[in-house]
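As provided, protein02.txt (compact mmCIF, C-alpha atoms) reads as follows.
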# COMPACT_ATOMS: atom_id res chain seq x y z
CA MET O 1 1.55 9.95 -1.37
CA GLN O 2 4.62 12.19 -1.23
CA LEU O 3 7.03 11.38 -4.07
CA SER O 4 10.68 12.37 -3.63
CA PHE O 5 13.24 12.25 -6.44
CA ALA O 6 16.40 10.62 -5.11
CA PRO O 7 19.76 12.28 -5.77
CA LEU O 8 22.11 10.60 -8.22
CA GLU O 9 25.52 12.19 -8.57
CA GLY O 10 26.29 13.36 -12.09
CA ILE O 11 22.71 13.08 -13.34
CA THR O 12 20.08 14.82 -11.20
CA ASN O 13 21.73 18.25 -11.23
CA TYR O 14 19.85 21.54 -11.49
CA ALA O 15 19.58 21.33 -15.29
CA PHE O 16 18.03 17.87 -15.02
CA ARG O 17 15.63 18.96 -12.28
CA GLN O 18 14.40 22.03 -14.13
CA SER O 19 13.92 20.16 -17.40
CA HIS O 20 12.21 17.26 -15.67
CA ALA O 21 9.77 19.56 -13.89
CA LYS O 22 9.01 21.42 -17.13
CA TRP O 23 8.26 18.37 -19.25
CA PHE O 24 6.81 15.94 -16.72
CA GLY O 25 5.70 17.99 -13.73
CA ALA O 26 7.67 18.56 -10.58
CA ALA O 27 8.27 15.95 -7.92
CA ASN O 28 7.05 16.80 -4.44
CA ARG O 29 10.73 17.05 -3.52
CA TYR O 30 13.99 16.85 -5.45
CA PHE O 31 17.04 15.91 -3.39
CA ILE O 32 20.23 17.64 -4.52
CA PRO O 33 23.13 15.19 -5.02
CA PHE O 34 25.36 15.23 -2.00
CA LEU O 35 27.51 18.19 -1.13
CA VAL O 36 30.81 17.38 0.57
CA PRO O 37 31.84 19.88 3.28
CA ASN O 38 35.57 19.87 3.90
CA GLN O 39 38.36 21.66 5.73
CA THR O 40 38.31 24.58 3.28
CA TYR O 41 34.81 25.54 4.43
CA LYS O 42 33.93 26.36 0.84
CA PHE O 43 31.57 24.78 -1.65
CA THR O 44 32.98 23.92 -5.06
CA SER O 45 31.84 25.90 -8.10
CA ARG O 46 29.74 22.91 -9.19
CA GLU O 47 28.09 22.69 -5.78
CA LYS O 48 27.40 26.44 -5.75
CA LYS O 49 25.60 26.18 -9.09
CA ASP O 50 23.54 23.24 -7.92
CA ILE O 51 22.29 24.95 -4.76
CA ALA O 52 21.93 28.48 -6.18
CA PRO O 53 18.32 29.58 -5.55
CA GLU O 54 18.04 30.99 -9.08
CA ASN O 55 18.76 27.51 -10.47
CA ASN O 56 16.02 25.92 -8.39
CA GLN O 57 13.15 28.37 -8.78
CA GLY O 58 9.70 26.85 -8.56
CA LEU O 59 10.96 23.56 -7.15
CA CYS O 60 10.97 22.05 -3.67
CA VAL O 61 14.59 20.98 -3.29
CA VAL O 62 16.45 19.42 -0.38
CA PRO O 63 20.26 19.61 -0.23
CA GLN O 64 22.05 16.48 0.94
CA LEU O 65 25.33 16.49 2.86
CA LEU O 66 27.97 13.74 2.88
CA THR O 67 30.26 14.19 5.87
CA ASN O 68 31.32 12.65 9.18
CA HIS O 69 32.74 15.92 10.56
CA ALA O 70 30.27 17.73 12.79
CA GLU O 71 31.78 21.22 12.59
CA GLN O 72 32.02 21.10 8.81
CA CYS O 73 28.44 19.86 8.70
CA LEU O 74 27.26 22.74 10.91
CA TRP O 75 29.01 25.24 8.65
CA ALA O 76 27.35 23.77 5.57
CA ILE O 77 23.88 23.80 7.14
CA GLU O 78 24.35 27.44 8.14
CA GLN O 79 25.28 28.31 4.57
CA LEU O 80 22.26 26.45 3.20
CA ASN O 81 19.91 28.05 5.70
CA ALA O 82 21.20 31.46 4.62
CA LEU O 83 20.25 30.57 1.03
CA GLY O 84 16.71 29.80 2.17
CA TYR O 85 16.84 26.02 2.56
CA ALA O 86 14.70 24.96 5.51
CA GLU O 87 15.44 21.24 5.17
CA VAL O 88 18.81 19.50 4.94
CA ASN O 89 19.38 15.76 4.58
CA LEU O 90 22.37 13.78 5.90
CA ASN O 91 23.65 10.92 3.74
CA PHE O 92 24.28 7.75 5.75
CA GLY O 93 23.33 5.55 2.83
CA CYS O 94 25.87 5.84 0.01
CA PRO O 95 27.38 2.34 -0.38
CA SER O 96 30.25 3.28 -2.72
CA GLY O 97 33.57 1.79 -1.65
CA THR O 98 35.45 5.07 -2.10
CA VAL O 99 32.97 6.74 0.26
CA VAL O 100 32.69 3.92 2.79
CA VAL O 101 36.44 3.61 3.23
CA LYS O 102 36.43 7.20 4.55
CA ARG O 103 33.72 6.28 7.07
CA LYS O 104 31.22 8.45 5.24
CA GLY O 105 27.84 7.56 3.78
CA ALA O 106 26.89 4.03 4.81
CA GLY O 107 30.43 3.67 6.14
CA PHE O 108 29.48 5.88 9.09
CA LEU O 109 27.15 3.09 10.29
CA ALA O 110 30.22 1.02 11.23
CA ASP O 111 31.03 3.37 14.14
CA LEU O 112 27.87 3.96 16.12
CA ASP O 113 29.58 5.89 18.93
CA ALA O 114 30.92 8.39 16.39
CA LEU O 115 27.51 8.55 14.69
CA ASP O 116 25.86 9.27 18.03
CA ARG O 117 28.32 12.05 18.86
CA PHE O 118 27.89 13.54 15.40
CA LEU O 119 24.11 13.68 15.64
CA ASP O 120 24.27 15.00 19.20
CA THR O 121 26.35 17.96 17.99
CA VAL O 122 24.39 18.65 14.80
CA CYS O 123 20.89 18.12 16.20
CA ASN O 124 21.55 20.50 19.08
CA ARG O 125 21.71 23.26 16.46
CA PHE O 126 19.53 22.20 13.54
CA SER O 127 16.70 19.90 12.51
CA VAL O 128 17.78 17.44 9.83
CA SER O 129 16.59 14.30 8.08
CA VAL O 130 18.73 11.25 7.33
CA LYS O 131 18.96 8.79 4.46
CA THR O 132 20.26 5.47 5.69
CA ARG O 133 21.06 1.87 4.89
CA LEU O 134 20.06 -0.95 7.26
CA GLY O 135 23.65 -1.59 8.27
CA ILE O 136 26.98 -2.70 6.86
CA GLU O 137 26.66 -6.48 6.51
CA ASP O 138 23.45 -7.57 8.22
CA ALA O 139 20.04 -5.93 8.58
CA GLN O 140 20.00 -6.96 12.25
CA GLU O 141 22.46 -4.11 12.79
CA PHE O 142 19.65 -1.61 12.20
CA ALA O 143 18.08 -1.99 15.66
CA ALA O 144 21.13 -0.35 17.24
CA ILE O 145 21.34 2.27 14.47
CA LEU O 146 17.66 3.13 14.83
CA ALA O 147 18.02 3.44 18.60
CA ILE O 148 20.43 6.31 17.92
CA TYR O 149 18.16 7.95 15.36
CA ASN O 150 15.26 7.74 17.83
CA ARG O 151 17.17 9.81 20.37
CA TYR O 152 17.25 12.89 18.14
CA PRO O 153 14.55 15.18 16.67
CA LEU O 154 15.00 14.06 13.08
CA THR O 155 12.40 15.34 10.61
CA GLU O 156 12.45 12.11 8.60
CA VAL O 157 14.29 8.81 8.22
CA ILE O 158 14.62 7.67 4.59
CA ILE O 159 15.40 3.97 4.57
CA HIS O 160 17.02 2.24 1.62
CA ALA O 161 16.14 -1.32 2.51
CA ARG O 162 19.54 -2.88 1.89
CA VAL O 163 22.81 -3.10 3.78
CA GLN O 164 25.98 -1.47 2.48
CA LYS O 165 27.60 -4.67 1.22
CA ASP O 166 24.60 -5.27 -1.06
CA LEU O 167 25.34 -2.09 -3.02
CA TYR O 168 22.33 -2.13 -5.41
CA GLN O 169 22.27 -5.88 -5.96
CA GLY O 170 19.87 -8.55 -4.75
CA LYS O 171 16.42 -8.02 -3.32
CA VAL O 172 15.50 -5.26 -0.93
CA ASP O 173 14.72 -6.43 2.60
CA HIS O 174 11.04 -5.69 3.15
CA GLU O 175 10.94 -7.70 6.38
CA ALA O 176 13.68 -5.56 7.92
CA PHE O 177 11.95 -2.43 6.65
CA SER O 178 8.70 -3.53 8.30
CA GLN O 179 10.45 -3.96 11.62
CA ALA O 180 12.10 -0.55 11.27
CA LEU O 181 8.81 1.06 10.34
CA SER O 182 7.14 -0.09 13.54
CA ALA O 183 10.09 0.90 15.74
CA CYS O 184 10.98 4.29 14.25
CA LYS O 185 9.73 7.36 16.15
CA HIS O 186 10.09 9.63 13.11
CA PRO O 187 8.27 9.89 9.78
CA VAL O 188 9.61 7.14 7.51
CA CYS O 189 10.21 7.35 3.76
CA TYR O 190 10.86 4.14 1.81
CA ASN O 191 13.54 3.83 -0.87
CA GLY O 192 14.61 0.83 -2.93
CA ASP O 193 13.76 -0.92 -6.23
CA LEU O 194 10.51 0.85 -7.08
CA PHE O 195 10.98 0.96 -10.85
CA THR O 196 7.43 0.98 -12.22
CA ALA O 197 3.96 2.13 -11.21
CA GLN O 198 3.12 -1.55 -10.67
CA ASP O 199 6.03 -1.83 -8.21
CA VAL O 200 4.63 1.10 -6.24
CA THR O 201 1.11 -0.37 -6.25
CA LYS O 202 2.41 -3.65 -4.82
CA PHE O 203 4.50 -1.83 -2.22
CA CYS O 204 1.54 0.30 -1.10
CA ALA O 205 -0.60 -2.81 -0.75
CA ALA O 206 2.06 -4.35 1.51
CA PHE O 207 2.69 -1.13 3.45
CA PRO O 208 -0.55 0.90 3.37
CA HIS O 209 0.57 3.21 6.17
CA VAL O 210 3.68 4.43 4.33
CA ASP O 211 2.84 7.69 2.61
CA ARG O 212 6.35 8.75 1.59
CA ILE O 213 8.48 7.06 -1.04
CA MET O 214 11.73 8.03 -2.72
CA LEU O 215 12.36 6.99 -6.32
CA GLY O 216 15.76 7.07 -7.99
CA ARG O 217 16.86 4.84 -10.84
CA GLY O 218 13.28 4.06 -11.85
CA TRP O 219 12.33 7.73 -12.15
CA ILE O 220 15.45 8.56 -14.14
CA ALA O 221 14.79 5.63 -16.47
CA ASN O 222 11.16 6.65 -16.93
CA PRO O 223 10.86 10.40 -16.28
CA ASP O 224 7.06 10.11 -16.45
CA LEU O 225 6.95 7.58 -13.59
CA GLY O 226 5.54 10.06 -11.08
CA ASN O 227 2.55 10.71 -13.32
CA GLN O 228 2.02 7.01 -13.94
CA ILE O 229 2.00 6.34 -10.19
CA GLN O 230 -0.72 8.94 -9.81
CA GLY O 231 -2.69 7.59 -12.76
CA LYS O 232 -2.13 10.66 -14.91
CA GLY O 233 -1.70 10.47 -18.65
CA VAL O 234 0.25 8.09 -20.85
CA LEU O 235 3.94 8.02 -21.71
CA ASP O 236 4.57 9.82 -25.01
CA SER O 237 7.62 10.41 -27.18
CA VAL O 238 6.96 14.14 -27.61
CA ARG O 239 7.72 14.93 -23.99
CA ILE O 240 10.60 12.48 -23.82
CA ARG O 241 12.17 14.07 -26.90
CA GLY O 242 11.52 17.58 -25.60
CA PHE O 243 13.16 16.71 -22.27
CA HIS O 244 16.16 15.12 -24.00
CA ASP O 245 16.69 17.95 -26.47
CA GLU O 246 16.44 20.67 -23.82
CA LEU O 247 18.91 18.93 -21.51
CA TYR O 248 21.27 18.23 -24.42
CA ALA O 249 21.16 21.90 -25.44
CA VAL O 250 21.93 23.05 -21.88
CA TYR O 251 24.94 20.76 -21.66
CA ARG O 252 26.23 21.88 -25.07
CA GLU O 253 25.94 25.48 -23.90
CA THR O 254 27.43 25.07 -20.41
CA LEU O 255 30.06 22.34 -20.80
CA SER O 256 33.37 22.76 -22.58
CA GLY O 257 33.94 20.44 -25.53
CA GLU O 258 32.24 17.37 -26.92
CA THR O 259 33.59 14.84 -24.43
CA PRO O 260 31.86 16.11 -21.26
CA VAL O 261 28.59 16.55 -23.15
CA LEU O 262 28.78 12.99 -24.45
CA PHE O 263 29.61 11.70 -20.98
CA LYS O 264 26.54 13.37 -19.48
CA MET O 265 24.18 12.13 -22.17
CA LYS O 266 25.58 8.60 -22.15
CA GLU O 267 24.95 8.47 -18.40
CA LEU O 268 21.33 9.41 -19.03
CA TRP O 269 20.85 6.79 -21.75
CA HIS O 270 22.22 4.11 -19.41
CA TYR O 271 18.82 4.48 -17.74
CA GLN O 272 16.45 5.78 -20.40
CA HIS O 273 17.12 3.21 -23.12
CA CYS O 274 14.46 1.12 -21.35
CA LEU O 275 11.78 3.47 -22.72
CA PHE O 276 12.19 2.01 -26.20
CA GLU O 277 11.64 -1.48 -27.59
CA ASN O 278 14.70 -3.46 -28.71
CA SER O 279 17.00 -0.60 -27.73
CA GLU O 280 20.14 -2.57 -26.88
CA LYS O 281 21.91 -2.26 -30.26
CA ILE O 282 21.20 1.46 -30.49
CA LEU O 283 22.37 1.94 -26.91
CA LYS O 284 25.71 0.41 -27.94
CA LYS O 285 25.97 2.99 -30.75
CA ILE O 286 25.33 5.77 -28.25
CA ARG O 287 27.98 4.38 -25.93
CA LYS O 288 30.54 4.15 -28.76
CA ALA O 289 29.89 7.68 -30.09
CA LYS O 290 33.03 9.83 -30.00
CA HIS O 291 31.53 12.90 -31.65
CA LEU O 292 28.25 14.74 -31.24
CA TRP O 293 27.17 13.98 -34.80
CA GLU O 294 27.54 10.26 -34.12
CA TYR O 295 25.59 10.64 -30.92
CA GLU O 296 22.80 12.61 -32.61
CA ALA O 297 22.45 10.03 -35.38
CA ALA O 298 22.12 7.22 -32.84
CA VAL O 299 19.59 9.18 -30.80
CA GLN O 300 17.52 9.86 -33.89
CA GLU O 301 17.50 6.13 -34.53
CA MET O 302 16.41 5.51 -30.93
CA PHE O 303 13.48 7.88 -31.11
CA VAL O 304 11.87 6.06 -34.04
CA ARG O 305 11.64 2.91 -31.92
CA PRO O 306 8.21 2.13 -30.35
CA LEU O 307 7.81 3.05 -26.69
CA VAL O 308 7.45 0.48 -23.92
CA PRO O 309 4.23 1.51 -22.12
CA ASP O 310 5.20 0.03 -18.74
CA ALA O 311 8.91 0.85 -19.03
CA GLY O 312 11.06 0.17 -16.00
CA TYR O 313 14.75 0.43 -15.20
CA ARG O 314 16.89 -2.39 -16.51
CA VAL O 315 20.63 -2.84 -16.95
CA VAL O 316 22.33 -3.57 -20.26
CA ARG O 317 25.96 -4.63 -19.81

Let me see whether you can do it: turn the structure in this file into structure tokens.
Amino acid sequence: MQLSFAPLEGITNYAFRQSHAKWFGAANRYFIPFLVPNQTYKFTSREKKDIAPENNQGLCVVPQLLTNHAEQCLWAIEQLNALGYAEVNLNFGCPSGTVVVKRKGAGFLADLDALDRFLDTVCNRFSVSVKTRLGIEDAQEFAAILAIYNRYPLTEVIIHARVQKDLYQGKVDHEAFSQALSACKHPVCYNGDLFTAQDVTKFCAAFPHVDRIMLGRGWIANPDLGNQIQGKGVLDSVRIRGFHDELYAVYRETLSGETPVLFKMKELWHYQHCLFENSEKILKKIRKAKHLWEYEAAVQEMFVRPLVPDAGYRVVR
């Protein structure tokens, strides 16, 4: 089973990837949160850091592009190829309203003629993979979308088994995924609501021929999830604390001021509080922290809580 770590903007940056690989073992592939080519034909300083080869040593990483402009996409792929990246992924799956309104991400699926022209231009020059939703409002839209994907030499189709309007709510559509799996001419990777090793076991029983899965929120929430899926070891607080402290130290060193450091760490705890029993009250203290000393005190309190052996992603409002 090939395990890919899904990109999540603001969290799975190069510091996260390196620390995760050190403390829990590397994923088969880490996908870099989407880069956004634009009319300047320049990557931002943040994007340059994230794709710099020296920041990704020892890891198999795949850059992801968010664009609906073929020429800008071609420029970006050329730049990435020059840095040594053999694989590039195109994001047709982001459901965010601010992205969709620009006809990017999942919003591109609303204009199939434009999508077809885009892929015709890009795929005449490069081999790419795509990450996609099943459509905008109804999974029945995917038959026409997949017909376009099947016309081009894509290296992989990663399917998040929801439509755009679902965002990340409701159940994933396994029936629609099954239909897509049988009709797709390319290797298929599944993505969507695999939060625990038990979730993956059930999925594999239902889809025994799928040997590629992408994990996002579940793997962030439980950074040891990849090992648990493979039946290796037991979740322990030493590695979780080591991972946290290393990432915290990197952010304190590289970010300017307390506020951005707190923002980064609070984002992480939105997911990782699930590792600890009865963590909701302490999570609120972390969220309310305005200074690093307040944050550190709350974290120390969190780490004395017992671990949840089968921890899985859950939301606390």

Surrounding residues of segment 78-85 of chain O excluding itself and chain neighbours under 4 positions, 10 Å, only C-alpha atoms, as a PDB file with C-alpha atoms, keeping the file's coordinate frame:
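selection-v9.pdb, freshly written:
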ATOM      1  CA  TYR O  41      34.810  25.540   4.430  1.00  0.00           C
ATOM      2  CA  LYS O  42      33.930  26.360   0.840  1.00  0.00           C
ATOM      3  CA  PHE O  43      31.570  24.780  -1.650  1.00  0.00           C
ATOM      4  CA  ILE O  51      22.290  24.950  -4.760  1.00  0.00           C
ATOM      5  CA  ALA O  52      21.930  28.480  -6.180  1.00  0.00           C
ATOM      6  CA  PRO O  53      18.320  29.580  -5.550  1.00  0.00           C
ATOM      7  CA  CYS O  60      10.970  22.050  -3.670  1.00  0.00           C
ATOM      8  CA  VAL O  61      14.590  20.980  -3.290  1.00  0.00           C
ATOM      9  CA  VAL O  62      16.450  19.420  -0.380  1.00  0.00           C
ATOM     10  CA  PRO O  63      20.260  19.610  -0.230  1.00  0.00           C
ATOM     11  CA  GLN O  72      32.020  21.100   8.810  1.00  0.00           C
ATOM     12  CA  CYS O  73      28.440  19.860   8.700  1.00  0.00           C
ATOM     13  CA  LEU O  74      27.260  22.740  10.910  1.00  0.00           C
ATOM     14  CA  ARG O 125      21.710  23.260  16.460  1.00  0.00           C
ATOM     15  CA  PHE O 126      19.530  22.200  13.540  1.00  0.00           C
TER      16      PHE O 126
END

Interface rows for segment 4-42 of chain O against segment 183-189 of chain O: nearest pair, Å to one decimal, 12 Å, all atoms listed in the file, as JSON lines:
{"residue": "O:Ser4", "atom": "CA", "partner": "O:Cys189", "partner_atom": "CA", "distance": 8.9}
{"residue": "O:Phe5", "atom": "CA", "partner": "O:Cys189", "partner_atom": "CA", "distance": 11.7}
{"residue": "O:Ala6", "atom": "CA", "partner": "O:Cys189", "partner_atom": "CA", "distance": 11.3}

Please produce a file of the residues just selected, as a short mmCIF file (atom, residue, chain, number, x, y, z; two decimals), in the frame of the given file, where the atoms kept are C-alpha atoms.
data_model
loop_
_atom_site.label_atom_id
_atom_site.label_comp_id
_atom_site.auth_asym_id
_atom_site.auth_seq_id
_atom_site.Cartn_x
_atom_site.Cartn_y
_atom_site.Cartn_z
CA SER O 4 10.68 12.37 -3.63
CA PHE O 5 13.24 12.25 -6.44
CA ALA O 6 16.40 10.62 -5.11
#

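As for atom CA of Ala289 of chain O and atom CA of Gly257 of chain O, they are spaced 14.1 Å apart.
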
Inset, instruction - Could you check which of O:Leu109, O:Ile213, O:Ala114, O:Leu283 is closest to Leu3 of chain O, using all atoms listed in the file? - result: O:Ile213

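Of the residues listed (O:Ser182, O:Ser19, O:Thr132, O:Gln230), O:Ser19 shows the shortest atom-to-atom separation from Gly242 of chain O; distances use only C-alpha atoms.
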
Contacts of segment 142-156 of chain O within 10 Å, only C-alpha atoms, excl. fewer than 4 positions in-chain, as an mmCIF file with C-alpha atoms, keeping the file's coordinate frame:
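Writing done, so here's result.cif:
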data_model
loop_
_atom_site.group_PDB
_atom_site.id
_atom_site.type_symbol
_atom_site.label_atom_id
_atom_site.label_comp_id
_atom_site.auth_asym_id
_atom_site.auth_seq_id
_atom_site.Cartn_x
_atom_site.Cartn_y
_atom_site.Cartn_z
ATOM 1 C CA GLU O 87 15.440 21.240 5.170
ATOM 2 C CA VAL O 88 18.810 19.500 4.940
ATOM 3 C CA ASN O 89 19.380 15.760 4.580
ATOM 4 C CA LEU O 109 27.150 3.090 10.290
ATOM 5 C CA ALA O 110 30.220 1.020 11.230
ATOM 6 C CA ASP O 111 31.030 3.370 14.140
ATOM 7 C CA LEU O 112 27.870 3.960 16.120
ATOM 8 C CA ASP O 113 29.580 5.890 18.930
ATOM 9 C CA LEU O 115 27.510 8.550 14.690
ATOM 10 C CA ASP O 116 25.860 9.270 18.030
ATOM 11 C CA ARG O 117 28.320 12.050 18.860
ATOM 12 C CA LEU O 119 24.110 13.680 15.640
ATOM 13 C CA ASP O 120 24.270 15.000 19.200
ATOM 14 C CA VAL O 122 24.390 18.650 14.800
ATOM 15 C CA CYS O 123 20.890 18.120 16.200
ATOM 16 C CA ASN O 124 21.550 20.500 19.080
ATOM 17 C CA PHE O 126 19.530 22.200 13.540
ATOM 18 C CA SER O 127 16.700 19.900 12.510
ATOM 19 C CA VAL O 128 17.780 17.440 9.830
ATOM 20 C CA SER O 129 16.590 14.300 8.080
ATOM 21 C CA VAL O 130 18.730 11.250 7.330
ATOM 22 C CA LYS O 131 18.960 8.790 4.460
ATOM 23 C CA THR O 132 20.260 5.470 5.690
ATOM 24 C CA ARG O 133 21.060 1.870 4.890
ATOM 25 C CA LEU O 134 20.060 -0.950 7.260
ATOM 26 C CA GLY O 135 23.650 -1.590 8.270
ATOM 27 C CA ILE O 136 26.980 -2.700 6.860
ATOM 28 C CA ASP O 138 23.450 -7.570 8.220
ATOM 29 C CA VAL O 163 22.810 -3.100 3.780
ATOM 30 C CA ALA O 176 13.680 -5.560 7.920
ATOM 31 C CA PHE O 177 11.950 -2.430 6.650
ATOM 32 C CA GLN O 179 10.450 -3.960 11.620
ATOM 33 C CA ALA O 180 12.100 -0.550 11.270
ATOM 34 C CA ALA O 183 10.090 0.900 15.740
ATOM 35 C CA CYS O 184 10.980 4.290 14.250
ATOM 36 C CA LYS O 185 9.730 7.360 16.150
ATOM 37 C CA HIS O 186 10.090 9.630 13.110
ATOM 38 C CA PRO O 187 8.270 9.890 9.780
ATOM 39 C CA VAL O 188 9.610 7.140 7.510
ATOM 40 C CA CYS O 189 10.210 7.350 3.760
ATOM 41 C CA ARG O 212 6.350 8.750 1.590
#

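Taking atom CA of Gly58 of chain O as the reference point, atom CA of Phe34 of chain O is found at 20.6 Å.
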
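Atom pair atom CA of Asn38 of chain O / atom CA of Gly105 of chain O has a distance of 14.5 Å (rounded to one decimal).
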
Counting all atoms listed in the file, I want the residues whose atoms come within 8 Å of (10.1, 1.5, -5.2) in the file frame, returned as an mmCIF file with C-alpha atoms, keeping the file's coordinate frame.
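Saved to result02.cif:
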data_model
loop_
_atom_site.group_PDB
_atom_site.id
_atom_site.type_symbol
_atom_site.label_atom_id
_atom_site.label_comp_id
_atom_site.auth_asym_id
_atom_site.auth_seq_id
_atom_site.Cartn_x
_atom_site.Cartn_y
_atom_site.Cartn_z
ATOM 1 C CA TYR O 190 10.860 4.140 1.810
ATOM 2 C CA ASN O 191 13.540 3.830 -0.870
ATOM 3 C CA GLY O 192 14.610 0.830 -2.930
ATOM 4 C CA ASP O 193 13.760 -0.920 -6.230
ATOM 5 C CA LEU O 194 10.510 0.850 -7.080
ATOM 6 C CA PHE O 195 10.980 0.960 -10.850
ATOM 7 C CA THR O 196 7.430 0.980 -12.220
ATOM 8 C CA ASP O 199 6.030 -1.830 -8.210
ATOM 9 C CA VAL O 200 4.630 1.100 -6.240
ATOM 10 C CA PHE O 203 4.500 -1.830 -2.220
ATOM 11 C CA ILE O 213 8.480 7.060 -1.040
ATOM 12 C CA MET O 214 11.730 8.030 -2.720
ATOM 13 C CA LEU O 215 12.360 6.990 -6.320
ATOM 14 C CA GLY O 218 13.280 4.060 -11.850
#

What are the nearest atom pairs, with distances in Å to one decimal, for all residues of segment 242-306 of chain O that come at most 8 Å from segment 219-227 of chain O, using all atoms listed in the file, set out by chain and rising residue number as a tab-separated table?
residue	atom	partner	partner_atom	distance
O:Leu268	CA	O:Ile220	CA	7.7
O:Tyr271	CA	O:Ala221	CA	4.4
O:Gln272	CA	O:Ala221	CA	4.3
O:His273	CA	O:Ala221	CA	7.5
O:Cys274	CA	O:Ala221	CA	6.7
O:Leu275	CA	O:Asn222	CA	6.6

Residue completion, segment 187-199 of chain O, N, CA and C atoms, as a PDB file, keeping the file's coordinate frame:
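Wrote it out as selection_21.pdb, contents follow:
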ATOM      1  N   PRO O 187       8.857  10.221  11.077  1.00  0.00           N
ATOM      2  CA  PRO O 187       8.270   9.890   9.780  1.00  0.00           C
ATOM      3  C   PRO O 187       9.257   9.082   8.943  1.00  0.00           C
ATOM      4  N   VAL O 188       8.762   8.054   8.282  1.00  0.00           N
ATOM      5  CA  VAL O 188       9.610   7.140   7.510  1.00  0.00           C
ATOM      6  C   VAL O 188       9.280   7.266   6.024  1.00  0.00           C
ATOM      7  N   CYS O 189      10.325   7.351   5.208  1.00  0.00           N
ATOM      8  CA  CYS O 189      10.210   7.350   3.760  1.00  0.00           C
ATOM      9  C   CYS O 189      10.929   6.106   3.245  1.00  0.00           C
ATOM     10  N   TYR O 190      10.274   5.366   2.345  1.00  0.00           N
ATOM     11  CA  TYR O 190      10.860   4.140   1.810  1.00  0.00           C
ATOM     12  C   TYR O 190      11.618   4.408   0.517  1.00  0.00           C
ATOM     13  N   ASN O 191      12.749   3.740   0.345  1.00  0.00           N
ATOM     14  CA  ASN O 191      13.540   3.830  -0.870  1.00  0.00           C
ATOM     15  C   ASN O 191      14.085   2.445  -1.209  1.00  0.00           C
ATOM     16  N   GLY O 192      13.994   2.076  -2.505  1.00  0.00           N
ATOM     17  CA  GLY O 192      14.610   0.830  -2.930  1.00  0.00           C
ATOM     18  C   GLY O 192      13.803   0.035  -3.928  1.00  0.00           C
ATOM     19  N   ASP O 193      14.279  -0.024  -5.185  1.00  0.00           N
ATOM     20  CA  ASP O 193      13.760  -0.920  -6.230  1.00  0.00           C
ATOM     21  C   ASP O 193      12.276  -0.706  -6.547  1.00  0.00           C
ATOM     22  N   LEU O 194      11.828   0.536  -6.556  1.00  0.00           N
ATOM     23  CA  LEU O 194      10.510   0.850  -7.080  1.00  0.00           C
ATOM     24  C   LEU O 194      10.722   1.435  -8.465  1.00  0.00           C
ATOM     25  N   PHE O 195      10.600   0.591  -9.490  1.00  0.00           N
ATOM     26  CA  PHE O 195      10.980   0.960 -10.850  1.00  0.00           C
ATOM     27  C   PHE O 195       9.800   1.256 -11.766  1.00  0.00           C
ATOM     28  N   THR O 196       8.613   0.782 -11.400  1.00  0.00           N
ATOM     29  CA  THR O 196       7.430   0.980 -12.220  1.00  0.00           C
ATOM     30  C   THR O 196       6.252   1.350 -11.330  1.00  0.00           C
ATOM     31  N   ALA O 197       5.178   1.831 -11.963  1.00  0.00           N
ATOM     32  CA  ALA O 197       3.960   2.130 -11.210  1.00  0.00           C
ATOM     33  C   ALA O 197       3.409   0.857 -10.555  1.00  0.00           C
ATOM     34  N   GLN O 198       3.584  -0.279 -11.230  1.00  0.00           N
ATOM     35  CA  GLN O 198       3.120  -1.550 -10.670  1.00  0.00           C
ATOM     36  C   GLN O 198       3.907  -1.904  -9.407  1.00  0.00           C
ATOM     37  N   ASP O 199       5.216  -1.603  -9.413  1.00  0.00           N
ATOM     38  CA  ASP O 199       6.030  -1.830  -8.210  1.00  0.00           C
ATOM     39  C   ASP O 199       5.488  -1.026  -7.036  1.00  0.00           C
TER      40      ASP O 199
END
